[in-house]
Amino acid sequence: MWLAELLGGGVVLVLGAAVVVLSRQLPYHAEYGPGPGFLPFWLGLGLIACAVVVLGDVFVRRSEHEGAFFHRGIRRVTLSLASLIVIILLVPFLGLAIGLGFYTAFLMRVLGRHGWLLCGVVGVLTVFGIRWIFGSWLQLPLPTGILGW
Amino acid sequence: MDLLQNLYTGFSLALSPTNLLFAAIGVIYGTITGALPGIGSATAVALLLPLTFTMNPTTALIMLAGIYYGVAYGGTITAVLINVPGDSSTVMTTLDGYQMALQGRAGPALSIAAIGSFIAGTISTILLMGLAPPLARFALRFGPPEYFALVLLAFSLLTAFEGRQPVKIVISTLLGLLIATIGLDVVSGLPRFTFGVPQLLGGISFITVIIGLFGIGEVLSSVEQEMRLDFLRQRFRLRDVFPTWADWVASRWPILRSTIVGFLVGILPGAGATTASFLAYLSEKRLAKHPERFGRGAIEGVASPESANNAASIGAFAPLLALGIPGSATTAVLLAGFMIWGIRPGPMLFQRNADLVWALIASMYIGNLMLVLLNIFFIPGFVAVLRIPYTILMPLIVVFSTMGAFTVNNDLFDVWLMIGFGVLGYLMKKLEYPVAPMVLALVLGPMAENSLRQALIISGGSLSIFFTRPISAVLLGIAFLAYLYPALRWVVRGFRLRVATAANLSSARR
């Protein structure tokens, strides 16, 4: 947890510094008052100041930041996230509705160990539900795949 | 007379079949999602917001408001039956509600919560009717310095009320403001932080961010905890559900007192329903003749926080409607909805969109009535829905989130952004950086920046404009004190600790 807190503070510090540098490339003053770089510059400085306080606290009270950051459930988190990323990457081939149907069935099977039949039925209902709500009712142009769905 | 005339107009709109149907959908969906641990009111509203893009704004707002106060009712079910608060505003309810359930009195606990919420909701709606229009008239005096001061006050109150780790609250606020600056600057037309990505020129949609932070972020957190809902097996015969006369006598004054506490806390930006229920519970415990009963199944311990959280949910509409300033993450999501429908909440709302405002207020009476009936007569139905395993609900929430993000611009780019903000929300939760200030800052960011720049243009660059105008000076003064409050609390706690240690040492020497 200590390392994670340290990294978190570090990321805020680097982000603040980057914002200050990038905002210097924008005009600080405009013809009639503050320019587009005005607010980001001060936000960046604010982030740097807060990050210093967080990092100081992490170093001074190290014992209060003990404990593991990742728990056993991290495998489930990674699986849920990675499968969503893969499905979105596959949208040009599967289409959005079918892709999300696969996602639902896959996660139900892997995380919940539900039966194949239930996973399949919920997956198919998801595909039809998406097509009906977003495709027919809201008339959104959903990305389709090789099956034309 | 104007008030009654407006209310009549509101009821005639709210009672139309379409609006009644969507109010019912809102409160039922709100009750179910409120009962699911990990899905708060902000997530519940954000998930359905994309579906309202093409709807009539009045109907959409009635449905979303129904979800908002329905969540507070629903959170009670899991708080009482499995000792897990469905929503953070029902944390205090678990203390006595679960004890009552263990004593076989889950029915009276749930019904007194519903009755208390109904009374609180009705009284708060009357208070809202009385307060919001004069507040809006007062806000007509506001110029850019006052609006900037008001936004700063909202941010500062979050720091004061959220309690732990105020620096992380400030970081979250600054990140929200920073995300709001992405895209074309409205004054100069120059792109900011777009890095040549054309989709970023229009800025990052707050809907995408909200769905990512709350929808995906909360799902990832819940998946990690491997959530199981193990309900106490209780029979819900109708005659066992109603509270006894003694229960009612014990609860009636706590309900009324907590309504006032809840409403007053609710209208403060940054405080919200969770703080309201906490304060109401503590004050009832302090006022009780037998405070030792609290935590052991006292019915006042259920009635009080439940009344307060519903009163606060309704109270939060006062600053949103009259000033255009949301006080919580959920009202920030509702403000985002207003913007999408092309309506600007604030002082002029009561003049330009009076029908919408009064239909919303009238729908609150109707919605609360629906909820009290649902939560007394249909508890077994809700419990049955909640028995659906989380491993089925979770992928469906992700599916709805993904579709919601896609709907914003019909572009998968928003889905990628949603995933990014989902991971950010998950990590922020693990590192105890609150996400609500980020959402509030993101929604209020453009108003904050525009007000600041306009004020400085008026004053020729002098900051004195913020301190020489009385309303702005008072608001900034309160904001300053609110930012100082955590530091003062830390100093006072340290001083007390030193005094107590010194007293212990001297008594040990003797």
# chains A, B, ... in the order shown; residues from 1 in each chain; ligands from 1
$ closest_atom_pairs --of "chain B" --to "chain A" --cutoff "7 Å" --atoms "only C-alpha atoms" --output "JSON lines"
{"residue": "B:Val167", "atom": "CA", "partner": "A:Cys50", "partner_atom": "CA", "distance": 6.1}
{"residue": "B:Ile171", "atom": "CA", "partner": "A:Leu47", "partner_atom": "CA", "distance": 6.2}
{"residue": "B:Leu174", "atom": "CA", "partner": "A:Leu43", "partner_atom": "CA", "distance": 6.1}
{"residue": "B:Leu178", "atom": "CA", "partner": "A:Pro40", "partner_atom": "CA", "distance": 6.6}
{"residue": "B:Asp185", "atom": "CA", "partner": "A:Pro36", "partner_atom": "CA", "distance": 6.3}
{"residue": "B:Ser188", "atom": "CA", "partner": "A:Pro36", "partner_atom": "CA", "distance": 6.9}
{"residue": "B:Leu220", "atom": "CA", "partner": "A:Val77", "partner_atom": "CA", "distance": 5.6}
{"residue": "B:Val223", "atom": "CA", "partner": "A:Val77", "partner_atom": "CA", "distance": 6.1}
{"residue": "B:Glu224", "atom": "CA", "partner": "A:Gly73", "partner_atom": "CA", "distance": 4.1}
{"residue": "B:Gln225", "atom": "CA", "partner": "A:Gly73", "partner_atom": "CA", "distance": 6.2}
{"residue": "B:Glu226", "atom": "CA", "partner": "A:Gly73", "partner_atom": "CA", "distance": 6.9}
{"residue": "B:Thr391", "atom": "CA", "partner": "A:Gly112", "partner_atom": "CA", "distance": 5.1}
{"residue": "B:Ile392", "atom": "CA", "partner": "A:Met108", "partner_atom": "CA", "distance": 5.8}
{"residue": "B:Pro395", "atom": "CA", "partner": "A:Thr104", "partner_atom": "CA", "distance": 5.1}
{"residue": "B:Leu396", "atom": "CA", "partner": "A:Thr104", "partner_atom": "CA", "distance": 6.6}
{"residue": "B:Val399", "atom": "CA", "partner": "A:Leu100", "partner_atom": "CA", "distance": 6.2}
{"residue": "B:Leu431", "atom": "CA", "partner": "A:Glu5", "partner_atom": "CA", "distance": 6.5}
{"residue": "B:Arg453", "atom": "CA", "partner": "A:Pro34", "partner_atom": "CA", "distance": 5.9}
{"residue": "B:Leu456", "atom": "CA", "partner": "A:Gly33", "partner_atom": "CA", "distance": 6.2}
{"residue": "B:Ile457", "atom": "CA", "partner": "A:Gly33", "partner_atom": "CA", "distance": 4.9}
{"residue": "B:Gly460", "atom": "CA", "partner": "A:Gly33", "partner_atom": "CA", "distance": 6.8}
{"residue": "B:Gly461", "atom": "CA", "partner": "A:Gly33", "partner_atom": "CA", "distance": 6.0}
$ write_last_selection --atoms "C-alpha atoms" --output "mmCIF file, in the first residue's frame"
data_model
loop_
_atom_site.group_PDB
_atom_site.id
_atom_site.type_symbol
_atom_site.label_atom_id
_atom_site.label_comp_id
_atom_site.auth_asym_id
_atom_site.auth_seq_id
_atom_site.Cartn_x
_atom_site.Cartn_y
_atom_site.Cartn_z
ATOM 1 C CA VAL B 167 -5.600 16.992 0.269
ATOM 2 C CA ILE B 171 -6.460 16.731 -5.893
ATOM 3 C CA LEU B 174 -8.212 19.873 -9.467
ATOM 4 C CA LEU B 178 -8.220 19.989 -15.509
ATOM 5 C CA ASP B 185 -11.039 27.224 -25.369
ATOM 6 C CA SER B 188 -9.766 32.259 -27.720
ATOM 7 C CA LEU B 220 -14.207 -3.483 -10.881
ATOM 8 C CA VAL B 223 -15.630 -7.861 -8.701
ATOM 9 C CA GLU B 224 -12.490 -7.700 -6.593
ATOM 10 C CA GLN B 225 -14.479 -8.167 -3.383
ATOM 11 C CA GLU B 226 -16.350 -11.201 -4.794
ATOM 12 C CA THR B 391 -21.942 -12.467 -11.665
ATOM 13 C CA ILE B 392 -24.948 -12.021 -13.976
ATOM 14 C CA PRO B 395 -21.515 -8.003 -17.014
ATOM 15 C CA LEU B 396 -24.915 -6.438 -17.738
ATOM 16 C CA VAL B 399 -22.791 -3.703 -21.209
ATOM 17 C CA LEU B 431 -6.013 4.776 -2.881
ATOM 18 C CA ARG B 453 -12.257 35.084 -16.617
ATOM 19 C CA LEU B 456 -11.231 39.494 -14.210
ATOM 20 C CA ILE B 457 -12.151 41.096 -17.536
ATOM 21 C CA GLY B 460 -9.315 44.811 -15.574
ATOM 22 C CA GLY B 461 -7.382 41.932 -14.038
#
$ select_by_dssp --residues "region 224-427 of chain B" --states "helix (DSSP H, G or I)" --output "ChimeraX atom specification"
/B:224-225,238-241,245-267,272-287,291-293,300-315,317-323,329-340,349-352,354-377,379-386,390-409,412-427
$ closest_residue --among "B:Ser401, B:Asp411, B:Val357, B:Lys168" --to "Leu55 (chain A)" --atoms "only C-alpha atoms"
B:Lys168
$ residues_around --residues "Tyr98 (chain B)" --least-positions-apart "5" --cutoff "12 Å" --atoms "only C-alpha atoms" --output "VMD selection string"
chain B and resid 76 to 85 90 to 93 103 to 110 231 to 232 294 to 299 301 to 302
$ select_by_dssp --residues "region 48-233 of chain B" --states "strand (DSSP E)" --output "count of residues only"
4
$ atom_distance --atom1 "CA of Ser117 (chain B)" --atom2 "CA of Ala311 (chain B)"
7.5 Å
$ residues_around --residues "Met418 (chain B)" --least-positions-apart "2" --cutoff "12 Å" --atoms "only C-alpha atoms" --output "number ranges by chain"
A: 81, 84-85, 88; B: 204-217, 398-408, 411-416, 420-425
$ write_last_selection --atoms "N, CA and C atoms" --output "tab-separated table (two decimals), in the first residue's frame"
chain	number	residue	atom	x	y	z
A	81	LEU	N	-11.54	-6.73	-17.05
A	81	LEU	CA	-11.06	-5.58	-17.81
A	81	LEU	C	-10.45	-6.03	-19.14
A	84	LEU	N	-13.00	-7.10	-21.65
A	84	LEU	CA	-13.72	-5.96	-22.23
A	84	LEU	C	-12.87	-5.29	-23.31
A	85	ILE	N	-11.57	-5.14	-23.02
A	85	ILE	CA	-10.66	-4.51	-24.00
A	85	ILE	C	-10.60	-5.35	-25.28
A	88	ILE	N	-13.80	-4.95	-27.31
A	88	ILE	CA	-13.90	-3.66	-28.02
A	88	ILE	C	-12.95	-3.65	-29.22
B	204	ILE	N	-13.88	16.42	-23.37
B	204	ILE	CA	-14.27	15.07	-22.93
B	204	ILE	C	-15.67	15.17	-22.33
B	205	SER	N	-16.57	14.36	-22.82
B	205	SER	CA	-17.95	14.41	-22.32
B	205	SER	C	-18.02	13.95	-20.87
B	206	PHE	N	-18.75	14.73	-20.06
B	206	PHE	CA	-18.82	14.31	-18.65
B	206	PHE	C	-19.60	13.01	-18.49
B	207	ILE	N	-20.47	12.70	-19.46
B	207	ILE	CA	-21.22	11.44	-19.37
B	207	ILE	C	-20.24	10.26	-19.43
B	208	THR	N	-19.29	10.36	-20.37
B	208	THR	CA	-18.28	9.30	-20.52
B	208	THR	C	-17.49	9.14	-19.21
B	209	VAL	N	-17.07	10.29	-18.66
B	209	VAL	CA	-16.27	10.24	-17.43
B	209	VAL	C	-17.09	9.65	-16.28
B	210	ILE	N	-18.32	10.12	-16.16
B	210	ILE	CA	-19.18	9.66	-15.05
B	210	ILE	C	-19.45	8.16	-15.16
B	211	ILE	N	-19.78	7.71	-16.38
B	211	ILE	CA	-20.06	6.27	-16.56
B	211	ILE	C	-18.79	5.46	-16.26
B	212	GLY	N	-17.65	5.98	-16.71
B	212	GLY	CA	-16.39	5.27	-16.44
B	212	GLY	C	-16.09	5.20	-14.95
B	213	LEU	N	-16.11	6.36	-14.30
B	213	LEU	CA	-15.74	6.42	-12.87
B	213	LEU	C	-16.70	5.61	-12.02
B	214	PHE	N	-18.00	5.81	-12.25
B	214	PHE	CA	-18.99	5.17	-11.37
B	214	PHE	C	-19.37	3.78	-11.87
B	215	GLY	N	-19.69	3.64	-13.16
B	215	GLY	CA	-20.14	2.35	-13.67
B	215	GLY	C	-19.02	1.32	-13.66
B	216	ILE	N	-18.00	1.54	-14.51
B	216	ILE	CA	-16.91	0.57	-14.64
B	216	ILE	C	-16.08	0.51	-13.35
B	217	GLY	N	-15.76	1.70	-12.79
B	217	GLY	CA	-14.94	1.75	-11.56
B	217	GLY	C	-15.58	0.94	-10.43
B	398	VAL	N	-21.78	-3.58	-17.14
B	398	VAL	CA	-20.70	-3.18	-18.06
B	398	VAL	C	-21.28	-2.95	-19.46
B	399	VAL	N	-22.17	-3.84	-19.88
B	399	VAL	CA	-22.79	-3.70	-21.21
B	399	VAL	C	-23.54	-2.37	-21.29
B	400	PHE	N	-24.33	-2.06	-20.26
B	400	PHE	CA	-25.10	-0.82	-20.27
B	400	PHE	C	-24.17	0.39	-20.24
B	401	SER	N	-23.09	0.30	-19.46
B	401	SER	CA	-22.12	1.40	-19.40
B	401	SER	C	-21.49	1.63	-20.77
B	402	THR	N	-21.09	0.52	-21.42
B	402	THR	CA	-20.44	0.62	-22.73
B	402	THR	C	-21.39	1.26	-23.74
B	403	MET	N	-22.64	0.81	-23.73
B	403	MET	CA	-23.60	1.38	-24.67
B	403	MET	C	-23.85	2.86	-24.36
B	404	GLY	N	-23.89	3.18	-23.05
B	404	GLY	CA	-24.08	4.58	-22.65
B	404	GLY	C	-22.97	5.47	-23.15
B	405	ALA	N	-21.72	5.00	-23.02
B	405	ALA	CA	-20.57	5.79	-23.49
B	405	ALA	C	-20.60	5.91	-25.01
B	406	PHE	N	-20.95	4.83	-25.69
B	406	PHE	CA	-21.00	4.85	-27.16
B	406	PHE	C	-22.05	5.85	-27.65
B	407	THR	N	-23.17	5.92	-26.92
B	407	THR	CA	-24.28	6.78	-27.33
B	407	THR	C	-23.91	8.26	-27.36
B	408	VAL	N	-22.91	8.66	-26.54
B	408	VAL	CA	-22.58	10.09	-26.42
B	408	VAL	C	-22.27	10.70	-27.79
B	411	ASP	N	-19.38	6.86	-31.16
B	411	ASP	CA	-17.99	6.67	-31.50
B	411	ASP	C	-17.35	5.77	-30.44
B	412	LEU	N	-16.59	4.77	-30.90
B	412	LEU	CA	-15.93	3.86	-29.94
B	412	LEU	C	-14.85	4.57	-29.13
B	413	PHE	N	-14.41	5.73	-29.61
B	413	PHE	CA	-13.40	6.51	-28.86
B	413	PHE	C	-13.90	6.78	-27.44
B	414	ASP	N	-15.20	7.07	-27.31
B	414	ASP	CA	-15.76	7.34	-25.98
B	414	ASP	C	-15.76	6.08	-25.11
B	415	VAL	N	-15.88	4.91	-25.77
B	415	VAL	CA	-15.83	3.66	-25.00
B	415	VAL	C	-14.43	3.46	-24.43
B	416	TRP	N	-13.41	3.78	-25.26
B	416	TRP	CA	-12.03	3.67	-24.76
B	416	TRP	C	-11.81	4.65	-23.60
B	420	GLY	N	-10.75	3.85	-19.71
B	420	GLY	CA	-9.66	4.56	-19.03
B	420	GLY	C	-10.12	5.18	-17.72
B	421	PHE	N	-11.26	5.85	-17.75
B	421	PHE	CA	-11.76	6.48	-16.53
B	421	PHE	C	-12.26	5.43	-15.53
B	422	GLY	N	-12.69	4.28	-16.04
B	422	GLY	CA	-13.08	3.19	-15.15
B	422	GLY	C	-11.89	2.71	-14.33
B	423	VAL	N	-10.75	2.52	-15.03
B	423	VAL	CA	-9.54	2.09	-14.32
B	423	VAL	C	-9.11	3.18	-13.33
B	424	LEU	N	-9.20	4.44	-13.77
B	424	LEU	CA	-8.84	5.55	-12.88
B	424	LEU	C	-9.74	5.55	-11.63
B	425	GLY	N	-11.04	5.36	-11.82
B	425	GLY	CA	-11.98	5.34	-10.70
B	425	GLY	C	-11.67	4.21	-9.74
$ atom_distance --atom1 "CA of Val249 (chain B)" --atom2 "CA of Asn375 (chain B)"
20.7 Å
$ closest_residue --among "A:Ile146, A:Leu45, A:Leu6, A:Val11" --to "Pro92 (chain A)" --atoms "only C-alpha atoms"
A:Ile146
$ residues_around --residues "region 265-270 of chain B" --least-positions-apart "5" --cutoff "6 Å" --atoms "only C-alpha atoms" --output "compact mmCIF listing (two decimals) with N, CA, C and O atoms, in the first residue's frame"
# COMPACT_ATOMS: atom_id res chain seq x y z
N ALA B 154 -18.84 25.46 -3.15
CA ALA B 154 -19.26 24.05 -3.31
C ALA B 154 -18.07 23.12 -3.15
O ALA B 154 -18.14 22.11 -2.46
N LEU B 157 -16.85 23.07 0.57
CA LEU B 157 -17.71 22.34 1.50
C LEU B 157 -17.51 20.83 1.37
O LEU B 157 -17.62 20.09 2.34
N LEU B 158 -17.18 20.39 0.15
CA LEU B 158 -16.84 18.98 -0.03
C LEU B 158 -15.65 18.61 0.84
O LEU B 158 -15.63 17.58 1.49
N ALA B 276 -26.17 13.71 6.08
CA ALA B 276 -27.46 13.99 6.72
C ALA B 276 -27.90 12.83 7.60
O ALA B 276 -28.30 13.02 8.76
N ALA B 312 -32.66 14.93 2.51
CA ALA B 312 -31.46 15.53 1.91
C ALA B 312 -31.47 15.41 0.39
O ALA B 312 -31.08 16.34 -0.33
N GLY B 315 -33.77 18.05 -0.70
CA GLY B 315 -33.17 19.36 -0.41
C GLY B 315 -32.09 19.74 -1.42
O GLY B 315 -31.92 20.91 -1.76
N ALA B 316 -31.36 18.71 -1.91
CA ALA B 316 -30.26 18.98 -2.85
C ALA B 316 -30.76 19.58 -4.16
O ALA B 316 -29.97 20.14 -4.93
N GLY B 327 -24.93 19.89 -5.53
CA GLY B 327 -24.24 19.73 -4.26
C GLY B 327 -23.60 18.37 -4.10
O GLY B 327 -22.87 18.13 -3.15
N SER B 328 -23.89 17.44 -5.02
CA SER B 328 -23.35 16.09 -4.87
C SER B 328 -23.09 15.51 -6.25
O SER B 328 -23.45 16.12 -7.26
$ residues_around --residues "Thr259 (chain B)" --least-positions-apart "4" --cutoff "10 Å" --atoms "only C-alpha atoms" --output "list of chain:residue names"
B:Gly116, B:Ser117, B:Ile119, B:Ala120, B:Gly121, B:Thr122, B:Ile123, B:Ser124, B:Trp253, B:Pro254, B:Ile255, B:Phe263, B:Leu264, B:Val265, B:Ala276, B:Ser277, B:Ala280, B:Ser304, B:Pro305, B:Glu306, B:Ser307, B:Ala308, B:Asn309, B:Asn310, B:Ala311, B:Ala312, B:Gly315
$ atom_distance --atom1 "CA of Gly130 (chain B)" --atom2 "CA of Ala318 (chain B)"
9.8 Å
$ residues_around --residues "Gly74 (chain B)" --least-positions-apart "3" --cutoff "10 Å" --atoms "only C-alpha atoms" --output "JSON, numbers by chain"
{"B": [27, 28, 29, 30, 31, 32, 33, 34, 35, 36, 67, 69, 70, 71, 77, 78, 79, 85, 86, 87, 90, 110, 114, 371, 375, 379, 382]}
$ write_last_selection --atoms "N, CA, C and O atoms" --output "compact mmCIF listing (two decimals), in the first residue's frame"
# COMPACT_ATOMS: atom_id res chain seq x y z
N VAL B 27 -38.62 5.02 -10.15
CA VAL B 27 -38.57 4.63 -8.73
C VAL B 27 -38.33 3.13 -8.56
O VAL B 27 -37.62 2.72 -7.63
N ILE B 28 -38.85 2.31 -9.48
CA ILE B 28 -38.61 0.86 -9.36
C ILE B 28 -37.13 0.56 -9.66
O ILE B 28 -36.45 -0.13 -8.89
N TYR B 29 -36.62 1.14 -10.76
CA TYR B 29 -35.21 0.94 -11.11
C TYR B 29 -34.32 1.49 -9.99
O TYR B 29 -33.33 0.87 -9.59
N GLY B 30 -34.69 2.66 -9.44
CA GLY B 30 -33.92 3.27 -8.34
C GLY B 30 -33.90 2.37 -7.12
O GLY B 30 -32.85 2.18 -6.50
N THR B 31 -35.06 1.79 -6.79
CA THR B 31 -35.12 0.92 -5.61
C THR B 31 -34.24 -0.31 -5.81
O THR B 31 -33.49 -0.70 -4.90
N ILE B 32 -34.30 -0.90 -7.01
CA ILE B 32 -33.50 -2.11 -7.26
C ILE B 32 -32.00 -1.79 -7.24
O ILE B 32 -31.22 -2.44 -6.56
N THR B 33 -31.61 -0.73 -7.96
CA THR B 33 -30.17 -0.41 -8.00
C THR B 33 -29.70 0.08 -6.64
O THR B 33 -28.56 -0.18 -6.25
N GLY B 34 -30.57 0.79 -5.92
CA GLY B 34 -30.19 1.25 -4.59
C GLY B 34 -29.93 0.09 -3.66
O GLY B 34 -29.09 0.17 -2.76
N ALA B 35 -30.63 -1.00 -3.88
CA ALA B 35 -30.46 -2.17 -3.01
C ALA B 35 -29.20 -2.95 -3.36
O ALA B 35 -28.75 -3.77 -2.57
N LEU B 36 -28.65 -2.71 -4.55
CA LEU B 36 -27.44 -3.44 -4.95
C LEU B 36 -26.21 -2.74 -4.38
O LEU B 36 -25.93 -1.60 -4.76
N ILE B 67 -35.30 7.96 -9.85
CA ILE B 67 -34.18 7.04 -9.57
C ILE B 67 -33.42 7.54 -8.35
O ILE B 67 -33.11 6.77 -7.43
N TYR B 69 -34.22 9.50 -5.69
CA TYR B 69 -34.73 9.26 -4.35
C TYR B 69 -35.19 7.82 -4.15
O TYR B 69 -35.31 7.35 -3.03
N GLY B 70 -35.38 7.07 -5.26
CA GLY B 70 -35.67 5.64 -5.14
C GLY B 70 -34.48 4.86 -4.59
O GLY B 70 -34.65 3.90 -3.85
N VAL B 71 -33.26 5.33 -4.95
CA VAL B 71 -32.04 4.66 -4.47
C VAL B 71 -31.98 4.67 -2.93
O VAL B 71 -31.62 3.68 -2.30
N ILE B 77 -33.17 -1.91 1.96
CA ILE B 77 -33.51 -3.34 1.92
C ILE B 77 -32.29 -4.18 2.30
O ILE B 77 -32.35 -5.03 3.19
N THR B 78 -31.15 -3.90 1.62
CA THR B 78 -29.95 -4.69 1.93
C THR B 78 -29.36 -4.29 3.28
O THR B 78 -28.77 -5.11 3.96
N ALA B 79 -29.54 -3.00 3.65
CA ALA B 79 -29.03 -2.56 4.96
C ALA B 79 -29.70 -3.35 6.08
O ALA B 79 -29.06 -3.78 7.03
N PRO B 85 -24.96 -1.83 3.47
CA PRO B 85 -25.70 -0.70 2.92
C PRO B 85 -25.69 -0.72 1.39
O PRO B 85 -24.62 -0.86 0.78
N GLY B 86 -26.87 -0.65 0.78
CA GLY B 86 -26.93 -0.63 -0.68
C GLY B 86 -26.35 0.65 -1.22
O GLY B 86 -25.71 0.68 -2.26
N ASP B 87 -26.54 1.75 -0.47
CA ASP B 87 -26.04 3.05 -0.86
C ASP B 87 -25.37 3.65 0.38
O ASP B 87 -25.74 3.31 1.51
N THR B 90 -27.26 4.81 3.45
CA THR B 90 -27.97 3.89 4.35
C THR B 90 -27.02 3.18 5.32
O THR B 90 -27.41 2.21 5.97
N LEU B 110 -38.34 -2.16 7.75
CA LEU B 110 -38.45 -1.70 6.36
C LEU B 110 -39.63 -0.76 6.18
O LEU B 110 -39.54 0.23 5.45
N ALA B 114 -39.71 3.18 5.10
CA ALA B 114 -40.47 3.68 3.95
C ALA B 114 -41.42 4.81 4.38
O ALA B 114 -41.51 5.84 3.70
N LEU B 371 -43.24 5.03 -3.95
CA LEU B 371 -42.17 4.32 -3.25
C LEU B 371 -42.63 3.74 -1.93
O LEU B 371 -42.24 2.63 -1.55
N ASN B 375 -42.48 -0.13 -1.25
CA ASN B 375 -41.58 -0.63 -0.20
C ASN B 375 -42.32 -1.25 0.98
O ASN B 375 -41.68 -1.78 1.89
N ILE B 379 -41.89 -5.75 -0.99
CA ILE B 379 -40.55 -6.10 -0.51
C ILE B 379 -40.13 -7.51 -0.98
O ILE B 379 -39.02 -7.68 -1.49
N PHE B 382 -38.79 -7.35 -4.50
CA PHE B 382 -37.44 -6.76 -4.62
C PHE B 382 -36.38 -7.75 -4.15
O PHE B 382 -35.32 -7.86 -4.75
